[in-house]
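Peer 1: First the structure, then my questions, so here it is.
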Amino acid sequence: MLKPKDQILARMYVVLTLLSIIPALIVVQIISIHLNKGEDLRLQGEQQARSYKAIPALRGSILDANGRTLAANSARYVVSVDPTMPGFKADASEFYNRLEKLTGRPASYFKNRVNSPTSPKYVTLLNSVTESQGETIDAWGYDAVILEPRFSRTYNYSKMLAHVLGHVSADNSGIAGLELQYEKHLQGVPGKLAIKKDRNGQHQAVAGGPIVRPVQGENLVLTIDVVHQSILEEELARGAAEAGATWATAIAMDPRTGAILAMANVPTYDPNRPAAYATHARRNHAITDRIEPGSTFKLVSAAVALEQRVVSLSDSIETGNGFAVVSGVGISDTHANGTITFEQAIALSSNIAFAKVSTEIDHGKLYQYARNFGFGQPTWIDLPGEVGGRLKKPSEWSKTTPSRLSIGYEVEVTPLQVLAAYAALANDGLLVQPYLVAARTDVQGQRIWTARQDSVRRAFKAKTARKLLPAFEKVINEGTATEANIAGVRIAGKTGTANKVVNGKYDRSRSRASFVGYFPADNPEVAMIVVMDEPALSPYGGVVAAPVFRRVAERWLNTMPQLYHLASDLQDTDTDTIPKRDLPRVEGQPVSLAAAHLEAAGFQPSRIRGDQKDWLVTNVSTTNKGIIPVARMDYEPPKDAEKVMPNMEGLSVRQATNWLMANGIEVTVHGHGSVAAQTPPAGDTVDGRATLRGTR
């Protein structure tokens with residue numbers, strides 16, 4: 001038996017032997033792993049260090065009806081290199097010199113960046129080069145060069161068609177208008193670029209690594225021509241300025257197909273810089289605002305009254321001295337019309353006549369016809385944000401609802417719904433669906449989808465539409481819309497005025513005015529609506545909206561070959577040419593007011609710095625080249641600290657008053673409309689008070 005001392009030593013020898021074996025076992029295991037699993041583990045390690053970065057697809061373009069590019073991408077490239085790639089050192093000097101010639105930056109700049117890298121295998125040389133420069137660099141064929149695409153959206157016509165096109169976010173995703181509605185078609189399918197993580201945790205592209213090419217987005221071809229759009233925008237801006245409206249909208253469409261020919265809003269915004277504009281400027285009033293239509297709704301009442309044989313166009317109706325109580329509510333006309341026929345009631349827009357007729361119409365029929373015309377439901381135009389309006393069911397009606405509904409109250413509609421209803425009148429009673437995109441094409445321009453013209457339903461009988469046509473023509477020829485009359489052109493339509501609800505009550509001092517019509521009445525090509533909100537000039541659509549309709553129609557006639565024979569003074573006009581505009585006198589006006597005046601006259605004013613908006617214009621020069629001519633303003637600060645009275649003549653009274661009050665000047669106003677005279681005169685010192693006299 002071992003002594004205790006020997007036992008201890010024996011145990012120590014065993015432990016030491018075991019400890020000496022462990023390193024050998026570890027080495028054996030390492031060798032075994034290397035031989036048996038090394039390749040698999042190496043691949044796993046590379047996969048963990050390597051991943052893929054999305055290559056953005058080129059967003060599709062948006063084109064007008066004649067192929068002009070409205071919205072497109074500006075391609076830019078980030079240029080980087082991997083200095084560790086074989087052969088780069090030998091080619092570096094030549095590469096730097098080529099970059100110097102291409103970009104204008106010295107070769108030493110690129111050399112220094114490579115010699116002082118933040119990552120040994122990924123050095124960014126240029127953050128942004130043009131598409132052509134990127135293609136040139138790629139053609140040089142250097143394996144170490146890494147080109148990464150970047151795209152930004154550009155709207156070539158600035159504010160034109162802003163509410164239709166919409167705009168995109170910082171990551172080039174659509175967030176408004178057609179950009180949002182057709183996002184899945186425009187965006188394309190991103191590709192993939194192999195990247196790896198270096199020892200510093202930085203991701204870098206793998207030179208020569210695998211690339212999955214992106215699938216480029218589809219292009220949209222619109223139903224709108226920019227020439228027609230520019231005319232509508234110019235005349236709407238002019239009309240809104242003259243009327244002193246808080247906002248205005250106008251839409252034109254082909255009544256037979258539903259194709260939208262133009263759509264405009266005032267105020268508007270630049271989709272290249274959407275954040276620079278207030279939210280209300282980006283609002284598309286044509287489809288997002290629910291308004292009471294007023295007398296334009298009388299089309300529905302007239303159609304149901306004729307088809308249900310409640311009245312005929314020749315029947316006489318007593319309207320008295322212009323005021324009557326119908327169903328317990330007072331109804332008034334603008335004039336005393338006495339005894340008139342129902343046809344005259346349409347032309348003269350007699351509220352009393354329509355209210356009396358409404359008492360004989362079955363409630364269910366009146367509701368059903370309003371639904372048939374498309375009210376109380378969206379038109380399903382291909383734009384986001386459309387509201388359906390509000391049409392109460394007969395079970396929700398009060399005693400006064402039929403008479404109020406018959407003249408366009410107690411119902412909420414959008415301007416587009418009203419236009420679609422009158423397009424049905426022009427289309428022999430057939431309601432069509434409005435649409436903006438005529439086709440989608442691939443990157444080579446080949447059509448991959450074409451819009452199908454879609455009739456929604458028959459709103460009323462074709463023979464009823466033909467019976468009503470003369471009455472709605474009389475609205476223009478001898479009724480409330482004589483300002484829409486064009487010599488030699490048959491036009492049918494209707495004016496509308498509706499008081500606005502303020503604090504739960506109708507306010508007679510605040511209204512919306514509208515005119516909707518179509519031409520030529522015997523073979524309709526264009527249906528158009530113009531709506532003005534709170535016009536200071538006049539509450540009547542025949543005064544503020546009808547002239548805009550007329551001016552647009554007159555100018556469109558010369559750009560539509562099928563209507564040349566209707567124009568009273570045809571000119572040999574190229575379809576890409578806009579008639580020369582008269583430059584308004586804005587010298588002496590503050591820059592901000594002058595810019596608004598120029599826009600209303602159809603010019604694109606030069607940009608204004610925020611701190612110079614109150615400077616005074618000294619000179620304006622312009623060119624009529626292009627779709628919208630640019631007006632360049634020269635201006636200077638007031639010569640002294642005293643306030644100088646600017647030239648307000650020609651501006652709306654509302655606009656001039658707002659500017660003067662914002663600058664601490666007390667204003668006395670006589671009349672309304674546009675400023676015809678002012679005290680003190682332009683250029684004189686203002687002592688804190690000013691007087692404006694309107695044209696009306």
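Identifiers for the structure tokens are assigned positionally: chains receive A, B, ... in sequence, residues are indexed from 1 per chain, and ligands are indexed from 1 in the order shown.
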Just the residues within 12 Å of Gln344 of chain A, please, counting only C-alpha atoms, with nothing from its chain fewer than 6 positions along; format it as a PDB file with N, CA, C and O atoms, in the first residue's frame.
Peer 2:
ATOM      1  N   ALA A 302     -85.299  68.713 -63.104  1.00  0.00           N
ATOM      2  CA  ALA A 302     -85.957  68.846 -64.405  1.00  0.00           C
ATOM      3  C   ALA A 302     -86.146  67.486 -65.062  1.00  0.00           C
ATOM      4  O   ALA A 302     -87.209  67.191 -65.628  1.00  0.00           O
ATOM      5  N   SER A 312     -94.531  69.642 -68.064  1.00  0.00           N
ATOM      6  CA  SER A 312     -93.896  69.681 -69.383  1.00  0.00           C
ATOM      7  C   SER A 312     -93.180  71.011 -69.524  1.00  0.00           C
ATOM      8  O   SER A 312     -93.420  71.949 -68.751  1.00  0.00           O
ATOM      9  N   LEU A 313     -92.305  71.114 -70.507  1.00  0.00           N
ATOM     10  CA  LEU A 313     -91.532  72.340 -70.679  1.00  0.00           C
ATOM     11  C   LEU A 313     -92.418  73.538 -71.007  1.00  0.00           C
ATOM     12  O   LEU A 313     -92.064  74.684 -70.709  1.00  0.00           O
ATOM     13  N   SER A 314     -93.580  73.289 -71.584  1.00  0.00           N
ATOM     14  CA  SER A 314     -94.460  74.402 -71.977  1.00  0.00           C
ATOM     15  C   SER A 314     -95.465  74.784 -70.898  1.00  0.00           C
ATOM     16  O   SER A 314     -96.181  75.785 -71.042  1.00  0.00           O
ATOM     17  N   ASP A 315     -95.539  74.005 -69.822  1.00  0.00           N
ATOM     18  CA  ASP A 315     -96.490  74.324 -68.748  1.00  0.00           C
ATOM     19  C   ASP A 315     -96.119  75.638 -68.072  1.00  0.00           C
ATOM     20  O   ASP A 315     -94.927  75.946 -67.878  1.00  0.00           O
ATOM     21  N   SER A 316     -97.134  76.394 -67.685  1.00  0.00           N
ATOM     22  CA  SER A 316     -96.921  77.682 -67.020  1.00  0.00           C
ATOM     23  C   SER A 316     -96.890  77.509 -65.510  1.00  0.00           C
ATOM     24  O   SER A 316     -97.638  76.704 -64.944  1.00  0.00           O
ATOM     25  N   ILE A 317     -96.020  78.302 -64.881  1.00  0.00           N
ATOM     26  CA  ILE A 317     -95.875  78.265 -63.426  1.00  0.00           C
ATOM     27  C   ILE A 317     -95.875  79.701 -62.922  1.00  0.00           C
ATOM     28  O   ILE A 317     -95.157  80.555 -63.448  1.00  0.00           O
ATOM     29  N   GLU A 318     -96.661  79.972 -61.897  1.00  0.00           N
ATOM     30  CA  GLU A 318     -96.745  81.317 -61.339  1.00  0.00           C
ATOM     31  C   GLU A 318     -95.656  81.493 -60.278  1.00  0.00           C
ATOM     32  O   GLU A 318     -95.620  80.780 -59.270  1.00  0.00           O
ATOM     33  N   THR A 319     -94.739  82.444 -60.524  1.00  0.00           N
ATOM     34  CA  THR A 319     -93.662  82.712 -59.558  1.00  0.00           C
ATOM     35  C   THR A 319     -93.850  84.045 -58.851  1.00  0.00           C
ATOM     36  O   THR A 319     -93.034  84.404 -57.988  1.00  0.00           O
ATOM     37  N   ASN A 337     -90.374  87.223 -61.761  1.00  0.00           N
ATOM     38  CA  ASN A 337     -90.554  86.679 -63.111  1.00  0.00           C
ATOM     39  C   ASN A 337     -92.015  86.481 -63.499  1.00  0.00           C
ATOM     40  O   ASN A 337     -92.309  86.214 -64.670  1.00  0.00           O
ATOM     41  N   GLY A 338     -92.920  86.586 -62.529  1.00  0.00           N
ATOM     42  CA  GLY A 338     -94.338  86.429 -62.850  1.00  0.00           C
ATOM     43  C   GLY A 338     -94.652  85.024 -63.322  1.00  0.00           C
ATOM     44  O   GLY A 338     -94.112  84.039 -62.817  1.00  0.00           O
ATOM     45  N   SER A 350     -85.313  79.888 -61.882  1.00  0.00           N
ATOM     46  CA  SER A 350     -86.335  80.268 -60.898  1.00  0.00           C
ATOM     47  C   SER A 350     -86.416  79.226 -59.780  1.00  0.00           C
ATOM     48  O   SER A 350     -86.858  78.089 -59.997  1.00  0.00           O
ATOM     49  N   ASN A 351     -86.025  79.617 -58.597  1.00  0.00           N
ATOM     50  CA  ASN A 351     -86.124  78.733 -57.437  1.00  0.00           C
ATOM     51  C   ASN A 351     -87.581  78.431 -57.084  1.00  0.00           C
ATOM     52  O   ASN A 351     -87.930  77.309 -56.687  1.00  0.00           O
ATOM     53  N   ALA A 353     -90.243  78.327 -59.052  1.00  0.00           N
ATOM     54  CA  ALA A 353     -90.846  77.377 -59.989  1.00  0.00           C
ATOM     55  C   ALA A 353     -90.412  75.950 -59.665  1.00  0.00           C
ATOM     56  O   ALA A 353     -91.237  75.022 -59.638  1.00  0.00           O
ATOM     57  N   PHE A 354     -89.123  75.740 -59.415  1.00  0.00           N
ATOM     58  CA  PHE A 354     -88.635  74.389 -59.126  1.00  0.00           C
ATOM     59  C   PHE A 354     -89.153  73.883 -57.785  1.00  0.00           C
ATOM     60  O   PHE A 354     -89.455  72.691 -57.636  1.00  0.00           O
ATOM     61  N   LEU A 468     -84.555  68.517 -73.088  1.00  0.00           N
ATOM     62  CA  LEU A 468     -83.987  69.513 -72.175  1.00  0.00           C
ATOM     63  C   LEU A 468     -82.940  70.407 -72.838  1.00  0.00           C
ATOM     64  O   LEU A 468     -82.686  71.513 -72.350  1.00  0.00           O
ATOM     65  N   PRO A 470     -82.715  72.425 -75.519  1.00  0.00           N
ATOM     66  CA  PRO A 470     -83.027  73.831 -75.832  1.00  0.00           C
ATOM     67  C   PRO A 470     -83.141  74.702 -74.582  1.00  0.00           C
ATOM     68  O   PRO A 470     -82.750  75.877 -74.600  1.00  0.00           O
ATOM     69  N   ALA A 471     -83.675  74.154 -73.508  1.00  0.00           N
ATOM     70  CA  ALA A 471     -83.830  74.938 -72.275  1.00  0.00           C
ATOM     71  C   ALA A 471     -82.466  75.313 -71.700  1.00  0.00           C
ATOM     72  O   ALA A 471     -82.261  76.451 -71.252  1.00  0.00           O
ATOM     73  N   PHE A 472     -81.525  74.363 -71.704  1.00  0.00           N
ATOM     74  CA  PHE A 472     -80.214  74.664 -71.154  1.00  0.00           C
ATOM     75  C   PHE A 472     -79.369  75.508 -72.117  1.00  0.00           C
ATOM     76  O   PHE A 472     -78.416  76.155 -71.681  1.00  0.00           O
ATOM     77  N   GLU A 473     -79.718  75.513 -73.406  1.00  0.00           N
ATOM     78  CA  GLU A 473     -79.087  76.466 -74.328  1.00  0.00           C
ATOM     79  C   GLU A 473     -79.594  77.880 -74.056  1.00  0.00           C
ATOM     80  O   GLU A 473     -78.830  78.852 -74.167  1.00  0.00           O
ATOM     81  N   LYS A 474     -80.863  77.999 -73.699  1.00  0.00           N
ATOM     82  CA  LYS A 474     -81.416  79.323 -73.410  1.00  0.00           C
ATOM     83  C   LYS A 474     -80.768  79.954 -72.184  1.00  0.00           C
ATOM     84  O   LYS A 474     -80.762  81.180 -72.045  1.00  0.00           O
ATOM     85  N   VAL A 475     -80.242  79.128 -71.272  1.00  0.00           N
ATOM     86  CA  VAL A 475     -79.518  79.670 -70.118  1.00  0.00           C
ATOM     87  C   VAL A 475     -78.385  80.573 -70.600  1.00  0.00           C
ATOM     88  O   VAL A 475     -78.129  81.640 -70.030  1.00  0.00           O
ATOM     89  N   ASN A 477     -78.057  81.775 -73.955  1.00  0.00           N
ATOM     90  CA  ASN A 477     -78.482  82.746 -74.963  1.00  0.00           C
ATOM     91  C   ASN A 477     -79.309  83.894 -74.405  1.00  0.00           C
ATOM     92  O   ASN A 477     -79.191  85.035 -74.873  1.00  0.00           O
ATOM     93  N   GLU A 478     -80.136  83.605 -73.377  1.00  0.00           N
ATOM     94  CA  GLU A 478     -81.003  84.669 -72.875  1.00  0.00           C
ATOM     95  C   GLU A 478     -81.270  84.577 -71.377  1.00  0.00           C
ATOM     96  O   GLU A 478     -82.106  85.304 -70.857  1.00  0.00           O
ATOM     97  N   GLY A 479     -80.555  83.681 -70.702  1.00  0.00           N
ATOM     98  CA  GLY A 479     -80.806  83.480 -69.282  1.00  0.00           C
ATOM     99  C   GLY A 479     -79.708  84.025 -68.386  1.00  0.00           C
ATOM    100  O   GLY A 479     -79.213  85.140 -68.591  1.00  0.00           O
ATOM    101  N   THR A 480     -79.296  83.228 -67.410  1.00  0.00           N
ATOM    102  CA  THR A 480     -78.378  83.714 -66.376  1.00  0.00           C
ATOM    103  C   THR A 480     -76.905  83.598 -66.741  1.00  0.00           C
ATOM    104  O   THR A 480     -76.052  84.032 -65.975  1.00  0.00           O
TER     105      THR A 480
END
Peer 1: So that I can see what lies close to Tyr77 of chain A, please list as an mmCIF file with all heavy atoms, in the first residue's frame the residues with an atom at most 9 Å from it, counting only C-alpha atoms and leaving out residues fewer than 6 positions away in the same chain.
Peer 2:
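Result went into selection29.cif, see below:
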data_model
loop_
_atom_site.group_PDB
_atom_site.id
_atom_site.type_symbol
_atom_site.label_atom_id
_atom_site.label_comp_id
_atom_site.auth_asym_id
_atom_site.auth_seq_id
_atom_site.Cartn_x
_atom_site.Cartn_y
_atom_site.Cartn_z
ATOM 1 N N LEU A 126 -17.165 60.337 -55.327
ATOM 2 C CA LEU A 126 -18.128 61.352 -55.751
ATOM 3 C C LEU A 126 -19.519 60.915 -55.285
ATOM 4 O O LEU A 126 -19.937 59.779 -55.531
ATOM 5 C CB LEU A 126 -18.124 61.511 -57.273
ATOM 6 C CG LEU A 126 -16.837 62.071 -57.887
ATOM 7 C CD1 LEU A 126 -16.803 61.793 -59.383
ATOM 8 C CD2 LEU A 126 -16.733 63.567 -57.620
ATOM 9 N N ASN A 127 -20.244 61.811 -54.624
ATOM 10 C CA ASN A 127 -21.571 61.487 -54.102
ATOM 11 C C ASN A 127 -22.669 61.647 -55.140
ATOM 12 O O ASN A 127 -23.767 61.117 -54.965
ATOM 13 C CB ASN A 127 -21.888 62.364 -52.883
ATOM 14 C CG ASN A 127 -21.177 61.878 -51.635
ATOM 15 O OD1 ASN A 127 -21.199 60.692 -51.332
ATOM 16 N ND2 ASN A 127 -20.531 62.790 -50.928
ATOM 17 N N SER A 128 -22.401 62.397 -56.205
ATOM 18 C CA SER A 128 -23.458 62.633 -57.184
ATOM 19 C C SER A 128 -22.862 63.018 -58.526
ATOM 20 O O SER A 128 -22.290 64.096 -58.674
ATOM 21 C CB SER A 128 -24.398 63.740 -56.685
ATOM 22 O OG SER A 128 -25.431 63.982 -57.606
ATOM 23 N N VAL A 129 -23.002 62.122 -59.506
ATOM 24 C CA VAL A 129 -22.649 62.459 -60.888
ATOM 25 C C VAL A 129 -23.868 62.201 -61.753
ATOM 26 O O VAL A 129 -24.767 61.433 -61.388
ATOM 27 C CB VAL A 129 -21.454 61.624 -61.398
ATOM 28 C CG1 VAL A 129 -20.209 61.905 -60.586
ATOM 29 C CG2 VAL A 129 -21.776 60.136 -61.403
ATOM 30 N N THR A 130 -23.932 62.850 -62.903
ATOM 31 C CA THR A 130 -25.089 62.718 -63.775
ATOM 32 C C THR A 130 -25.137 61.334 -64.408
ATOM 33 O O THR A 130 -24.167 60.569 -64.364
ATOM 34 C CB THR A 130 -25.057 63.770 -64.887
ATOM 35 O OG1 THR A 130 -23.928 63.523 -65.724
ATOM 36 C CG2 THR A 130 -24.970 65.176 -64.305
ATOM 37 N N GLU A 131 -26.277 61.051 -65.024
ATOM 38 C CA GLU A 131 -26.446 59.752 -65.668
ATOM 39 C C GLU A 131 -25.418 59.558 -66.774
ATOM 40 O O GLU A 131 -24.822 58.485 -66.902
ATOM 41 C CB GLU A 131 -27.866 59.636 -66.221
ATOM 42 C CG GLU A 131 -28.201 58.270 -66.778
ATOM 43 C CD GLU A 131 -29.660 58.152 -67.173
ATOM 44 O OE1 GLU A 131 -30.364 59.179 -67.156
ATOM 45 O OE2 GLU A 131 -30.094 57.029 -67.480
ATOM 46 N N GLN A 133 -22.473 61.015 -67.042
ATOM 47 C CA GLN A 133 -21.154 60.854 -66.439
ATOM 48 C C GLN A 133 -20.988 59.441 -65.885
ATOM 49 O O GLN A 133 -19.923 58.829 -66.019
ATOM 50 C CB GLN A 133 -20.954 61.889 -65.330
ATOM 51 C CG GLN A 133 -20.750 63.307 -65.819
ATOM 52 C CD GLN A 133 -20.691 64.302 -64.683
ATOM 53 O OE1 GLN A 133 -21.383 64.171 -63.675
ATOM 54 N NE2 GLN A 133 -19.865 65.329 -64.845
ATOM 55 N N GLY A 134 -22.044 58.917 -65.255
ATOM 56 C CA GLY A 134 -21.991 57.554 -64.737
ATOM 57 C C GLY A 134 -21.773 56.539 -65.840
ATOM 58 O O GLY A 134 -20.995 55.583 -65.688
ATOM 59 N N LEU A 147 -20.385 51.704 -58.992
ATOM 60 C CA LEU A 147 -21.382 52.732 -59.312
ATOM 61 C C LEU A 147 -22.705 52.356 -58.651
ATOM 62 O O LEU A 147 -23.245 51.283 -58.898
ATOM 63 C CB LEU A 147 -21.580 52.854 -60.819
ATOM 64 C CG LEU A 147 -20.465 53.531 -61.621
ATOM 65 C CD1 LEU A 147 -20.756 53.418 -63.107
ATOM 66 C CD2 LEU A 147 -20.328 54.985 -61.219
ATOM 67 N N GLU A 148 -23.235 53.251 -57.822
ATOM 68 C CA GLU A 148 -24.500 53.011 -57.140
ATOM 69 C C GLU A 148 -25.508 54.076 -57.579
ATOM 70 O O GLU A 148 -25.258 55.272 -57.416
ATOM 71 C CB GLU A 148 -24.324 53.067 -55.627
ATOM 72 C CG GLU A 148 -23.377 52.007 -55.096
ATOM 73 C CD GLU A 148 -23.132 52.172 -53.609
ATOM 74 O OE1 GLU A 148 -23.960 51.695 -52.819
ATOM 75 O OE2 GLU A 148 -22.115 52.801 -53.249
ATOM 76 N N PRO A 149 -26.653 53.666 -58.159
ATOM 77 C CA PRO A 149 -27.616 54.643 -58.673
ATOM 78 C C PRO A 149 -28.434 55.308 -57.565
ATOM 79 O O PRO A 149 -28.729 54.708 -56.542
ATOM 80 C CB PRO A 149 -28.516 53.793 -59.572
ATOM 81 C CG PRO A 149 -28.436 52.421 -58.984
ATOM 82 C CD PRO A 149 -27.052 52.282 -58.428
ATOM 83 N N ARG A 150 -28.785 56.563 -57.798
ATOM 84 C CA ARG A 150 -29.710 57.311 -56.949
ATOM 85 C C ARG A 150 -30.680 58.037 -57.878
ATOM 86 O O ARG A 150 -30.296 58.522 -58.934
ATOM 87 C CB ARG A 150 -28.973 58.351 -56.089
ATOM 88 C CG ARG A 150 -27.968 57.765 -55.122
ATOM 89 C CD ARG A 150 -28.660 57.150 -53.912
ATOM 90 N NE ARG A 150 -27.701 56.771 -52.891
ATOM 91 C CZ ARG A 150 -27.077 55.612 -52.849
ATOM 92 N NH1 ARG A 150 -27.308 54.710 -53.799
ATOM 93 N NH2 ARG A 150 -26.218 55.328 -51.894
ATOM 94 N N PHE A 151 -31.943 58.129 -57.473
ATOM 95 C CA PHE A 151 -32.933 58.775 -58.329
ATOM 96 C C PHE A 151 -33.699 59.843 -57.557
ATOM 97 O O PHE A 151 -33.989 59.683 -56.372
ATOM 98 C CB PHE A 151 -33.928 57.749 -58.877
ATOM 99 C CG PHE A 151 -33.290 56.675 -59.704
ATOM 100 C CD1 PHE A 151 -33.262 55.365 -59.265
ATOM 101 C CD2 PHE A 151 -32.707 56.971 -60.922
ATOM 102 C CE1 PHE A 151 -32.666 54.371 -60.013
ATOM 103 C CE2 PHE A 151 -32.110 55.990 -61.683
ATOM 104 C CZ PHE A 151 -32.087 54.682 -61.233
#
Peer 1: Quick one: residues within 9 Å of Arg551 of chain A, only C-alpha atoms counted, chain neighbours fewer than 6 positions away excluded, as a PDB file with N, CA and C atoms, in the first residue's frame?
Peer 2:
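Result saved to part_24.pdb:
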ATOM      1  N   ILE A 231     -53.932  76.601 -70.548  1.00  0.00           N
ATOM      2  CA  ILE A 231     -54.979  77.601 -70.802  1.00  0.00           C
ATOM      3  C   ILE A 231     -55.979  77.619 -69.649  1.00  0.00           C
ATOM      4  N   LEU A 232     -56.415  76.427 -69.228  1.00  0.00           N
ATOM      5  CA  LEU A 232     -57.379  76.364 -68.127  1.00  0.00           C
ATOM      6  C   LEU A 232     -56.787  76.954 -66.854  1.00  0.00           C
ATOM      7  N   GLU A 235     -56.574  80.895 -67.174  1.00  0.00           N
ATOM      8  CA  GLU A 235     -57.864  81.587 -67.105  1.00  0.00           C
ATOM      9  C   GLU A 235     -58.520  81.420 -65.741  1.00  0.00           C
ATOM     10  N   ALA A 484     -71.256  83.443 -70.898  1.00  0.00           N
ATOM     11  CA  ALA A 484     -70.601  82.255 -71.460  1.00  0.00           C
ATOM     12  C   ALA A 484     -70.812  82.139 -72.959  1.00  0.00           C
TER      13      ALA A 484
END
Peer 1: In Å, with one decimal, what is the gap from atom CA of Ala262 of chain A to atom CA of Asp225 of chain A?
Peer 2: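 If I compute the distance from atom CA of Ala262 of chain A to atom CA of Asp225 of chain A, I get 7.5 Å.
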Peer 1: Env of Val526 of chain A: 10 Å cut, atoms = only C-alpha atoms, seq-sep filter 2 positions within chain, self excluded. Answer as a VMD selection string.
Peer 2: chain A and resid 252 to 256 259 to 261 423 426 517 to 521 523 to 524 528 553 556
Peer 1: Can you pull out the residues contacting Ala682 of chain A? Cut-off 9 Å, using only C-alpha atoms, and skip same-chain residues under 6 positions away; I want them as JSON, numbers by chain.
Peer 2: {"A": [588, 589, 644, 645, 646, 647, 648]}
Peer 1: Counting only C-alpha atoms, which of A:Ala527, A:Leu436, A:Val620, A:Ala245 gets nearest to Leu161 of chain A?
Peer 2: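 Between A:Ala527, A:Leu436, A:Val620, A:Ala245, the residue approaching Leu161 of chain A most closely is A:Leu436.
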Peer 1: When DSSP is applied to the backbone of this structure, which of segment 324-512 of chain A are assigned alpha helix (DSSP H)? Write them out as number ranges by chain.
Peer 2: A: 342-348, 351-358, 363-372, 401-406, 415-426, 462-477
Peer 1: With distances taken over only C-alpha atoms, which residue among A:Val489, A:Leu63, A:Leu583, A:Ile476 lies nearest Asn156 of chain A?
Peer 2: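 Once distances to Asn156 of chain A are computed over only C-alpha atoms, the minimum belongs to A:Leu63.
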Peer 1: Between atom CA of Gly67 of chain A and atom CA of Val221 of chain A, what is the distance in Å, rounded to a tenth?
Peer 2: 7.3 Å
Peer 1: Out of A:Ala536, A:Ala237, A:Ile491, A:Val227, which residue has the shortest atom-to-atom distance to Met560 of chain A when counting only C-alpha atoms?
Peer 2: A:Val227
Peer 1: For Val413 of chain A, find every residue with an atom within 12 Å (counting only C-alpha atoms), except residues of its own chain fewer than 2 positions away, and show them as a PyMOL selection string.
Peer 2: chain A and resi 285-294+296-297+370-371+373-379+386-392+405+408-411+415-421
Peer 1: Report the residues of segment 485-536 of chain A whose backbone DSSP state falls under strand (DSSP E), written as a PyMOL selection string.
Peer 2: chain A and resi 492-502+505-519+526-533
Peer 1: Of the candidates A:Val81, A:Ile62, A:Leu692, A:Val437, which one gets nearest to His672 of chain A if we count only C-alpha atoms?
Peer 2: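 When distances to His672 of chain A are compared using only C-alpha atoms, the smallest one comes from A:Leu692.
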Peer 1: So which one's closest to Phe603 of chain A, A:Val653, A:Met160, A:Ala90, A:Ile361? Using only C-alpha atoms, please.
Peer 2: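 Once distances to Phe603 of chain A are computed over only C-alpha atoms, the minimum belongs to A:Met160.
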Peer 1: Considering only C-alpha atoms, return as a list in words whatever protein or nucleic-acid residues lie within 12 Å of Arg585 of chain A, sequence-local ones (same chain, fewer than 5 positions apart) excluded.
Peer 2: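 Those residues are Leu593, Ala594, Ala595, His597, Leu598, Ala601, Val617, Thr618, Asn619, Val620, Ser621, Ala631, Met633, Pro646, Asn647, Met648, Glu649, Gly650 and Leu651 of chain A.
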Peer 1: Measuring between only C-alpha atoms, which one of A:Arg632, A:Lys461, A:Lys505, A:Arg213 shows the shortest distance to Ile55 of chain A?
Peer 2: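 Result for the nearest residue to Ile55 of chain A: A:Arg213.
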Peer 1: For atom CA of Lys101 of chain A and atom CA of Ile146 of chain A, quote the distance in Å rounded to one decimal.
Peer 2: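 Distance between the two atoms: 19.0 Å.
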